[in-house]
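Enquirer: Sharing entry.cif (mmCIF, N, CA and C atoms) below.
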data_input
#
loop_
_atom_site.label_atom_id
_atom_site.label_comp_id
_atom_site.auth_asym_id
_atom_site.auth_seq_id
_atom_site.Cartn_x
_atom_site.Cartn_y
_atom_site.Cartn_z
N MET A 776 -35.26 9.81 -6.72
CA MET A 776 -35.08 11.18 -6.27
C MET A 776 -34.17 11.89 -7.25
N ARG A 777 -34.54 13.12 -7.60
CA ARG A 777 -33.75 13.91 -8.52
C ARG A 777 -33.09 15.05 -7.75
N THR A 778 -31.89 15.40 -8.18
CA THR A 778 -31.13 16.46 -7.53
C THR A 778 -30.91 17.60 -8.51
N PHE A 779 -31.22 18.82 -8.07
CA PHE A 779 -31.04 19.99 -8.91
C PHE A 779 -30.09 20.97 -8.21
N VAL A 780 -29.24 21.59 -9.02
CA VAL A 780 -28.36 22.65 -8.54
C VAL A 780 -28.52 23.82 -9.50
N ALA A 781 -28.93 24.94 -8.98
CA ALA A 781 -29.12 26.15 -9.78
C ALA A 781 -30.00 25.88 -11.00
N GLY A 782 -31.04 25.09 -10.80
CA GLY A 782 -31.99 24.82 -11.86
C GLY A 782 -31.58 23.75 -12.85
N GLN A 783 -30.42 23.15 -12.67
CA GLN A 783 -29.96 22.08 -13.57
C GLN A 783 -29.93 20.76 -12.82
N GLU A 784 -30.37 19.70 -13.48
CA GLU A 784 -30.40 18.40 -12.85
C GLU A 784 -29.01 17.76 -12.87
N ALA A 785 -28.58 17.28 -11.72
CA ALA A 785 -27.31 16.55 -11.61
C ALA A 785 -27.62 15.05 -11.67
N HIS A 786 -27.01 14.35 -12.61
CA HIS A 786 -27.30 12.94 -12.81
C HIS A 786 -26.39 12.02 -12.01
N ASP A 787 -25.27 12.51 -11.53
CA ASP A 787 -24.38 11.68 -10.72
C ASP A 787 -23.58 12.58 -9.78
N ASP A 788 -22.74 11.97 -8.94
CA ASP A 788 -21.97 12.72 -7.95
C ASP A 788 -21.02 13.72 -8.59
N THR A 789 -20.38 13.32 -9.68
CA THR A 789 -19.43 14.21 -10.35
C THR A 789 -20.14 15.43 -10.91
N GLU A 790 -21.26 15.20 -11.56
CA GLU A 790 -22.01 16.32 -12.12
C GLU A 790 -22.54 17.23 -11.02
N PHE A 791 -22.94 16.65 -9.89
CA PHE A 791 -23.39 17.46 -8.76
C PHE A 791 -22.26 18.37 -8.28
N ALA A 792 -21.07 17.81 -8.11
CA ALA A 792 -19.92 18.60 -7.65
C ALA A 792 -19.59 19.70 -8.65
N GLU A 793 -19.62 19.39 -9.94
CA GLU A 793 -19.32 20.40 -10.95
C GLU A 793 -20.34 21.54 -10.92
N LEU A 794 -21.62 21.19 -10.80
CA LEU A 794 -22.65 22.22 -10.76
C LEU A 794 -22.58 23.04 -9.47
N ALA A 795 -22.39 22.36 -8.35
CA ALA A 795 -22.38 23.04 -7.06
C ALA A 795 -21.16 23.94 -6.90
N LEU A 796 -20.00 23.47 -7.34
CA LEU A 796 -18.77 24.23 -7.14
C LEU A 796 -18.40 25.12 -8.33
N GLY A 797 -18.98 24.83 -9.47
CA GLY A 797 -18.61 25.59 -10.65
C GLY A 797 -17.23 25.23 -11.16
N ILE A 798 -16.79 24.03 -10.86
CA ILE A 798 -15.45 23.57 -11.25
C ILE A 798 -15.61 22.43 -12.25
N ASP A 799 -14.98 22.54 -13.42
CA ASP A 799 -14.97 21.47 -14.40
C ASP A 799 -13.86 20.50 -14.00
N ILE A 800 -14.25 19.35 -13.50
CA ILE A 800 -13.28 18.40 -12.96
C ILE A 800 -12.28 17.96 -14.01
N ASP A 801 -12.74 17.65 -15.22
CA ASP A 801 -11.81 17.21 -16.27
C ASP A 801 -10.79 18.29 -16.64
N LEU A 802 -11.17 19.55 -16.50
CA LEU A 802 -10.23 20.63 -16.82
C LEU A 802 -9.02 20.59 -15.90
N PHE A 803 -9.24 20.35 -14.63
CA PHE A 803 -8.14 20.37 -13.67
C PHE A 803 -7.49 18.99 -13.50
N ARG A 804 -8.28 17.94 -13.54
CA ARG A 804 -7.77 16.59 -13.34
C ARG A 804 -7.23 15.99 -14.62
N GLY A 805 -7.87 16.31 -15.73
CA GLY A 805 -7.54 15.70 -17.00
C GLY A 805 -8.61 14.68 -17.36
N PRO A 806 -8.77 14.41 -18.65
CA PRO A 806 -9.82 13.49 -19.07
C PRO A 806 -9.44 12.04 -18.76
N LEU A 807 -10.44 11.18 -18.77
CA LEU A 807 -10.18 9.76 -18.54
C LEU A 807 -9.50 9.13 -19.75
N GLU A 808 -9.75 9.66 -20.92
CA GLU A 808 -9.11 9.16 -22.12
C GLU A 808 -7.77 9.87 -22.32
N SER A 809 -6.97 9.34 -23.24
CA SER A 809 -5.68 9.97 -23.51
C SER A 809 -5.90 11.29 -24.24
N GLU A 810 -4.93 12.16 -24.14
CA GLU A 810 -4.97 13.43 -24.84
C GLU A 810 -3.60 13.69 -25.43
N THR A 811 -3.55 14.47 -26.50
CA THR A 811 -2.28 14.78 -27.14
C THR A 811 -1.53 15.81 -26.29
N ASP A 812 -0.27 15.98 -26.60
CA ASP A 812 0.53 16.97 -25.88
C ASP A 812 -0.06 18.38 -26.03
N SER A 813 -0.51 18.71 -27.23
CA SER A 813 -1.06 20.06 -27.45
C SER A 813 -2.40 20.23 -26.72
N GLU A 814 -3.22 19.19 -26.69
CA GLU A 814 -4.48 19.26 -25.94
C GLU A 814 -4.21 19.41 -24.44
N ARG A 815 -3.24 18.66 -23.95
CA ARG A 815 -2.90 18.75 -22.53
C ARG A 815 -2.36 20.13 -22.19
N ALA A 816 -1.49 20.66 -23.04
CA ALA A 816 -0.92 21.98 -22.79
C ALA A 816 -2.01 23.05 -22.77
N ALA A 817 -2.95 22.99 -23.70
CA ALA A 817 -4.04 23.97 -23.74
C ALA A 817 -4.92 23.84 -22.49
N ARG A 818 -5.23 22.60 -22.10
CA ARG A 818 -6.07 22.37 -20.91
C ARG A 818 -5.37 22.89 -19.67
N GLU A 819 -4.07 22.60 -19.54
CA GLU A 819 -3.33 23.04 -18.36
C GLU A 819 -3.18 24.56 -18.32
N ASP A 820 -3.02 25.20 -19.47
CA ASP A 820 -2.96 26.67 -19.52
C ASP A 820 -4.26 27.28 -19.03
N ALA A 821 -5.37 26.74 -19.52
CA ALA A 821 -6.69 27.24 -19.10
C ALA A 821 -6.89 27.02 -17.61
N ALA A 822 -6.51 25.84 -17.12
CA ALA A 822 -6.67 25.53 -15.70
C ALA A 822 -5.82 26.47 -14.84
N ARG A 823 -4.59 26.75 -15.28
CA ARG A 823 -3.72 27.69 -14.54
C ARG A 823 -4.34 29.08 -14.46
N ASP A 824 -4.90 29.54 -15.59
CA ASP A 824 -5.53 30.87 -15.62
C ASP A 824 -6.72 30.93 -14.68
N ILE A 825 -7.57 29.91 -14.71
CA ILE A 825 -8.75 29.89 -13.84
C ILE A 825 -8.34 29.79 -12.38
N LEU A 826 -7.34 28.96 -12.08
CA LEU A 826 -6.87 28.83 -10.72
C LEU A 826 -6.28 30.15 -10.21
N ALA A 827 -5.56 30.86 -11.06
CA ALA A 827 -5.01 32.17 -10.68
C ALA A 827 -6.14 33.15 -10.38
N ASP A 828 -7.20 33.12 -11.21
CA ASP A 828 -8.35 34.00 -10.96
C ASP A 828 -9.03 33.66 -9.63
N LEU A 829 -9.20 32.36 -9.36
CA LEU A 829 -9.82 31.95 -8.09
C LEU A 829 -8.99 32.40 -6.90
N ARG A 830 -7.68 32.26 -7.02
CA ARG A 830 -6.80 32.68 -5.91
C ARG A 830 -6.87 34.20 -5.71
N ALA A 831 -6.93 34.95 -6.80
CA ALA A 831 -7.03 36.41 -6.69
C ALA A 831 -8.35 36.80 -6.02
N GLU A 832 -9.44 36.13 -6.41
CA GLU A 832 -10.73 36.40 -5.78
C GLU A 832 -10.69 36.05 -4.29
N ALA A 833 -10.00 34.96 -3.96
CA ALA A 833 -9.89 34.56 -2.55
C ALA A 833 -9.12 35.60 -1.75
N GLU A 834 -8.03 36.10 -2.33
CA GLU A 834 -7.24 37.13 -1.64
C GLU A 834 -8.03 38.42 -1.47
N ALA A 835 -9.00 38.64 -2.37
CA ALA A 835 -9.84 39.84 -2.27
C ALA A 835 -10.98 39.65 -1.28
N GLY A 836 -11.05 38.47 -0.65
CA GLY A 836 -12.04 38.25 0.39
C GLY A 836 -13.16 37.27 0.06
N ASP A 837 -13.14 36.67 -1.12
CA ASP A 837 -14.19 35.71 -1.50
C ASP A 837 -13.83 34.33 -0.95
N GLU A 838 -14.47 33.95 0.15
CA GLU A 838 -14.16 32.69 0.81
C GLU A 838 -14.51 31.49 -0.08
N ILE A 839 -15.60 31.57 -0.80
CA ILE A 839 -16.02 30.47 -1.68
C ILE A 839 -14.97 30.24 -2.77
N ALA A 840 -14.48 31.32 -3.35
CA ALA A 840 -13.43 31.20 -4.37
C ALA A 840 -12.19 30.56 -3.78
N GLY A 841 -11.90 30.85 -2.52
CA GLY A 841 -10.76 30.22 -1.85
C GLY A 841 -10.92 28.73 -1.73
N TRP A 842 -12.12 28.29 -1.34
CA TRP A 842 -12.37 26.84 -1.25
C TRP A 842 -12.34 26.20 -2.63
N ASP A 843 -12.90 26.89 -3.62
CA ASP A 843 -12.86 26.37 -4.99
C ASP A 843 -11.42 26.25 -5.48
N ALA A 844 -10.58 27.22 -5.14
CA ALA A 844 -9.18 27.18 -5.54
C ALA A 844 -8.47 25.99 -4.91
N LEU A 845 -8.75 25.73 -3.64
CA LEU A 845 -8.14 24.57 -2.98
C LEU A 845 -8.57 23.27 -3.64
N TYR A 846 -9.86 23.16 -3.97
CA TYR A 846 -10.38 21.96 -4.61
C TYR A 846 -9.77 21.78 -6.01
N ALA A 847 -9.75 22.85 -6.79
CA ALA A 847 -9.19 22.79 -8.14
C ALA A 847 -7.70 22.44 -8.09
N ASP A 848 -6.98 23.03 -7.16
CA ASP A 848 -5.55 22.74 -7.02
C ASP A 848 -5.33 21.27 -6.66
N ALA A 849 -6.16 20.74 -5.78
CA ALA A 849 -6.04 19.32 -5.41
C ALA A 849 -6.32 18.42 -6.62
N LEU A 850 -7.27 18.81 -7.46
CA LEU A 850 -7.57 18.02 -8.66
C LEU A 850 -6.38 17.95 -9.60
N THR A 851 -5.56 19.00 -9.65
CA THR A 851 -4.41 18.99 -10.55
C THR A 851 -3.36 17.97 -10.13
N ARG A 852 -3.45 17.50 -8.90
CA ARG A 852 -2.48 16.54 -8.38
C ARG A 852 -2.99 15.10 -8.43
N THR A 853 -4.13 14.89 -9.06
CA THR A 853 -4.70 13.55 -9.12
C THR A 853 -4.57 12.97 -10.52
N VAL A 854 -4.61 11.67 -10.60
CA VAL A 854 -4.64 10.96 -11.87
C VAL A 854 -5.85 10.05 -11.82
N PRO A 855 -6.75 10.19 -12.78
CA PRO A 855 -7.92 9.31 -12.76
C PRO A 855 -7.50 7.86 -12.72
N PHE A 856 -8.11 7.10 -11.84
CA PHE A 856 -7.75 5.70 -11.65
C PHE A 856 -7.84 4.91 -12.95
N LEU A 857 -8.89 5.12 -13.71
CA LEU A 857 -9.05 4.36 -14.94
C LEU A 857 -7.94 4.65 -15.93
N ARG A 858 -7.53 5.92 -16.04
CA ARG A 858 -6.44 6.27 -16.95
C ARG A 858 -5.13 5.66 -16.48
N ALA A 859 -4.89 5.69 -15.17
CA ALA A 859 -3.66 5.12 -14.63
C ALA A 859 -3.65 3.60 -14.81
N ALA A 860 -4.80 2.97 -14.64
CA ALA A 860 -4.89 1.51 -14.75
C ALA A 860 -4.64 1.05 -16.19
N ARG A 861 -4.98 1.88 -17.15
CA ARG A 861 -4.76 1.53 -18.55
C ARG A 861 -3.29 1.64 -18.93
N GLY A 862 -2.49 2.29 -18.10
CA GLY A 862 -1.06 2.40 -18.36
C GLY A 862 -0.68 3.50 -19.33
N PHE A 863 -1.53 4.52 -19.48
CA PHE A 863 -1.19 5.62 -20.37
C PHE A 863 -0.17 6.53 -19.72
N ARG A 864 0.79 6.96 -20.53
CA ARG A 864 1.74 7.95 -20.05
C ARG A 864 1.10 9.31 -20.24
N PRO A 865 1.14 10.17 -19.24
CA PRO A 865 0.49 11.47 -19.34
C PRO A 865 0.98 12.26 -20.56
N GLY A 866 0.01 12.79 -21.32
CA GLY A 866 0.33 13.68 -22.41
C GLY A 866 0.78 13.02 -23.69
N THR A 867 0.98 11.70 -23.70
CA THR A 867 1.47 11.06 -24.92
C THR A 867 0.38 10.34 -25.67
N GLY A 868 -0.67 9.90 -24.96
CA GLY A 868 -1.71 9.11 -25.60
C GLY A 868 -1.24 7.70 -25.91
N GLU A 869 -0.06 7.34 -25.39
CA GLU A 869 0.49 6.01 -25.65
C GLU A 869 0.54 5.21 -24.35
N ALA A 870 0.52 3.91 -24.50
CA ALA A 870 0.64 3.02 -23.34
C ALA A 870 2.08 3.07 -22.83
N ALA A 871 2.21 2.91 -21.52
CA ALA A 871 3.54 2.95 -20.89
C ALA A 871 4.31 1.68 -21.18
#
Rewrite the structure of this file - the entire thing - as structure tokens.
Expert:
Amino acid sequence: MRTFVAGQEAHDDTEFAELALGIDIDLFRGPLESETDSERAAREDAARDILADLRAEAEAGDEIAGWDALYADALTRTVPFLRAARGFRPGTGEAA
């Protein structure tokens, strides 16, 4: 069985959620691999800007944007299990 969202095929659960919600999970959660301090700072800046836009849309009455903002905000508080299991320190790209 194949699953499509807005005309695009979702190959797994993560891709389905990204297509359905319009939220890039890695942007808010962080990648599974290590990232440099500058890469992390740029990603977090972009995530903050998008989250602020979602919150503004929610305050203007867009209920979907409100739910998306809650989901994106929750993602910022998670650490991918695989990255944590490898012992990487956030933002350093080095083992703990």
Enquirer: Might you pull out every residue within 6 Å of Thr853 in chain A, with all atoms listed in the file counted and same-chain residues fewer than 3 positions away left off, and present them as a list of chain:residue names?
Expert: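 Final neighbour list, sorted by chain and number: A:Arg804, A:Ala849, A:Leu850.
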Enquirer: Pick out each residue of range 776-865 of chain A that DSSP on the backbone tags as strand (DSSP E); I need them as a list in words.
Expert: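 For range 776-865 of chain A, the strand (DSSP E) set is Thr778, Phe779, Val780, Gln783, Glu784 and Ala785 of chain A.
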Enquirer: Within 8 Å of (-10.8, 28.9, -8.9) in the file's own coordinates, which protein, DNA or RNA residues have an atom, counting all atoms listed in the file? List them as a list in words.
Expert: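 Those residues, ordered by chain and then number, are Gly797, Ile798, Asp824, Ile825, Leu826, Ala827, Asp828, Leu829, Arg830, Ala831, Glu832, Ala833, Ile839, Ala840, Gly841, Trp842, Asp843, Ala844, Leu845, Tyr846, Ala847 and Asp848 of chain A.
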Enquirer: Just to confirm, what's the straight-line distance from atom N of Gly805 in chain A to atom C of Thr851 in chain A in Å (one decimal)?
Expert: 7.4 Å
Enquirer: Restricting the calculation to all atoms listed in the file: of A:Phe803, A:Ala835, A:Arg852, A:Gly782, which residue gets closest to Glu819 in chain A?
Expert: A:Phe803
Enquirer: Around all the atoms of range 822-829 of chain A listed in the file, with 3 Å of room on each side, what axis-aligned box do you get, giving centre and edge lengths in Å to one decimal, as lines of an AutoDock Vina configuration file?
Expert:
center_x = -6.8
center_y = 29.8
center_z = -12.0
size_x = 12.1
size_y = 14.5
size_z = 16.2
Enquirer: Would you output range 793-804 of chain A from that structure, restricted to all heavy atoms, as a compact mmCIF listing (two decimals), in the first residue's frame?
Expert:
# COMPACT_ATOMS: atom_id res chain seq x y z
N GLU A 793 6.00 14.83 8.00
CA GLU A 793 6.54 16.06 7.41
C GLU A 793 5.64 16.58 6.29
O GLU A 793 5.39 17.78 6.21
CB GLU A 793 7.95 15.82 6.89
CG GLU A 793 8.98 15.68 7.99
CD GLU A 793 10.39 15.45 7.47
OE1 GLU A 793 10.56 15.17 6.26
OE2 GLU A 793 11.32 15.55 8.27
N LEU A 794 5.17 15.68 5.44
CA LEU A 794 4.29 16.11 4.34
C LEU A 794 2.94 16.58 4.86
O LEU A 794 2.40 17.59 4.39
CB LEU A 794 4.11 14.97 3.34
CG LEU A 794 5.32 14.61 2.49
CD1 LEU A 794 5.08 13.32 1.71
CD2 LEU A 794 5.68 15.74 1.56
N ALA A 795 2.38 15.85 5.80
CA ALA A 795 1.04 16.18 6.31
C ALA A 795 1.04 17.48 7.11
O ALA A 795 0.12 18.29 7.00
CB ALA A 795 0.51 15.04 7.16
N LEU A 796 2.07 17.68 7.93
CA LEU A 796 2.10 18.85 8.80
C LEU A 796 2.87 20.03 8.21
O LEU A 796 2.74 21.16 8.70
CB LEU A 796 2.71 18.48 10.16
CG LEU A 796 1.97 17.41 10.95
CD1 LEU A 796 2.77 17.01 12.17
CD2 LEU A 796 0.59 17.90 11.33
N GLY A 797 3.68 19.76 7.22
CA GLY A 797 4.49 20.83 6.66
C GLY A 797 5.62 21.24 7.58
O GLY A 797 6.10 22.36 7.53
N ILE A 798 6.03 20.33 8.44
CA ILE A 798 7.09 20.61 9.42
C ILE A 798 8.30 19.75 9.09
O ILE A 798 8.20 18.53 8.99
CB ILE A 798 6.62 20.27 10.86
CG1 ILE A 798 5.42 21.12 11.26
CG2 ILE A 798 7.75 20.40 11.86
CD1 ILE A 798 5.72 22.56 11.53
N ASP A 799 9.47 20.37 8.93
CA ASP A 799 10.72 19.65 8.72
C ASP A 799 11.23 19.22 10.09
O ASP A 799 11.70 20.04 10.87
CB ASP A 799 11.73 20.54 8.01
CG ASP A 799 13.05 19.85 7.74
OD1 ASP A 799 13.29 18.75 8.27
OD2 ASP A 799 13.86 20.43 6.99
N ILE A 800 11.12 17.95 10.37
CA ILE A 800 11.46 17.43 11.70
C ILE A 800 12.90 17.73 12.06
O ILE A 800 13.20 18.18 13.17
CB ILE A 800 11.12 15.94 11.80
CG1 ILE A 800 9.60 15.76 11.73
CG2 ILE A 800 11.68 15.32 13.07
CD1 ILE A 800 9.14 14.34 11.63
N ASP A 801 13.83 17.50 11.13
CA ASP A 801 15.25 17.74 11.43
C ASP A 801 15.53 19.21 11.74
O ASP A 801 16.44 19.52 12.50
CB ASP A 801 16.14 17.29 10.28
CG ASP A 801 16.32 15.78 10.23
OD1 ASP A 801 15.99 15.11 11.22
OD2 ASP A 801 16.79 15.28 9.19
N LEU A 802 14.76 20.11 11.16
CA LEU A 802 14.97 21.54 11.42
C LEU A 802 14.73 21.86 12.89
O LEU A 802 15.48 22.60 13.51
CB LEU A 802 14.04 22.39 10.54
CG LEU A 802 14.10 23.89 10.78
CD1 LEU A 802 15.47 24.45 10.39
CD2 LEU A 802 13.01 24.59 10.02
N PHE A 803 13.69 21.29 13.46
CA PHE A 803 13.34 21.60 14.85
C PHE A 803 14.02 20.66 15.85
O PHE A 803 14.42 21.08 16.93
CB PHE A 803 11.82 21.56 15.04
CG PHE A 803 11.14 22.68 14.31
CD1 PHE A 803 10.61 22.48 13.05
CD2 PHE A 803 11.06 23.93 14.87
CE1 PHE A 803 10.00 23.51 12.36
CE2 PHE A 803 10.46 24.97 14.19
CZ PHE A 803 9.92 24.77 12.93
N ARG A 804 14.16 19.40 15.50
CA ARG A 804 14.75 18.41 16.39
C ARG A 804 16.26 18.40 16.30
O ARG A 804 16.96 18.16 17.28
CB ARG A 804 14.20 17.03 16.03
CG ARG A 804 14.80 15.90 16.83
CD ARG A 804 14.59 14.57 16.19
NE ARG A 804 15.27 14.53 14.88
CZ ARG A 804 15.01 13.64 13.96
NH1 ARG A 804 14.10 12.72 14.14
NH2 ARG A 804 15.67 13.66 12.81
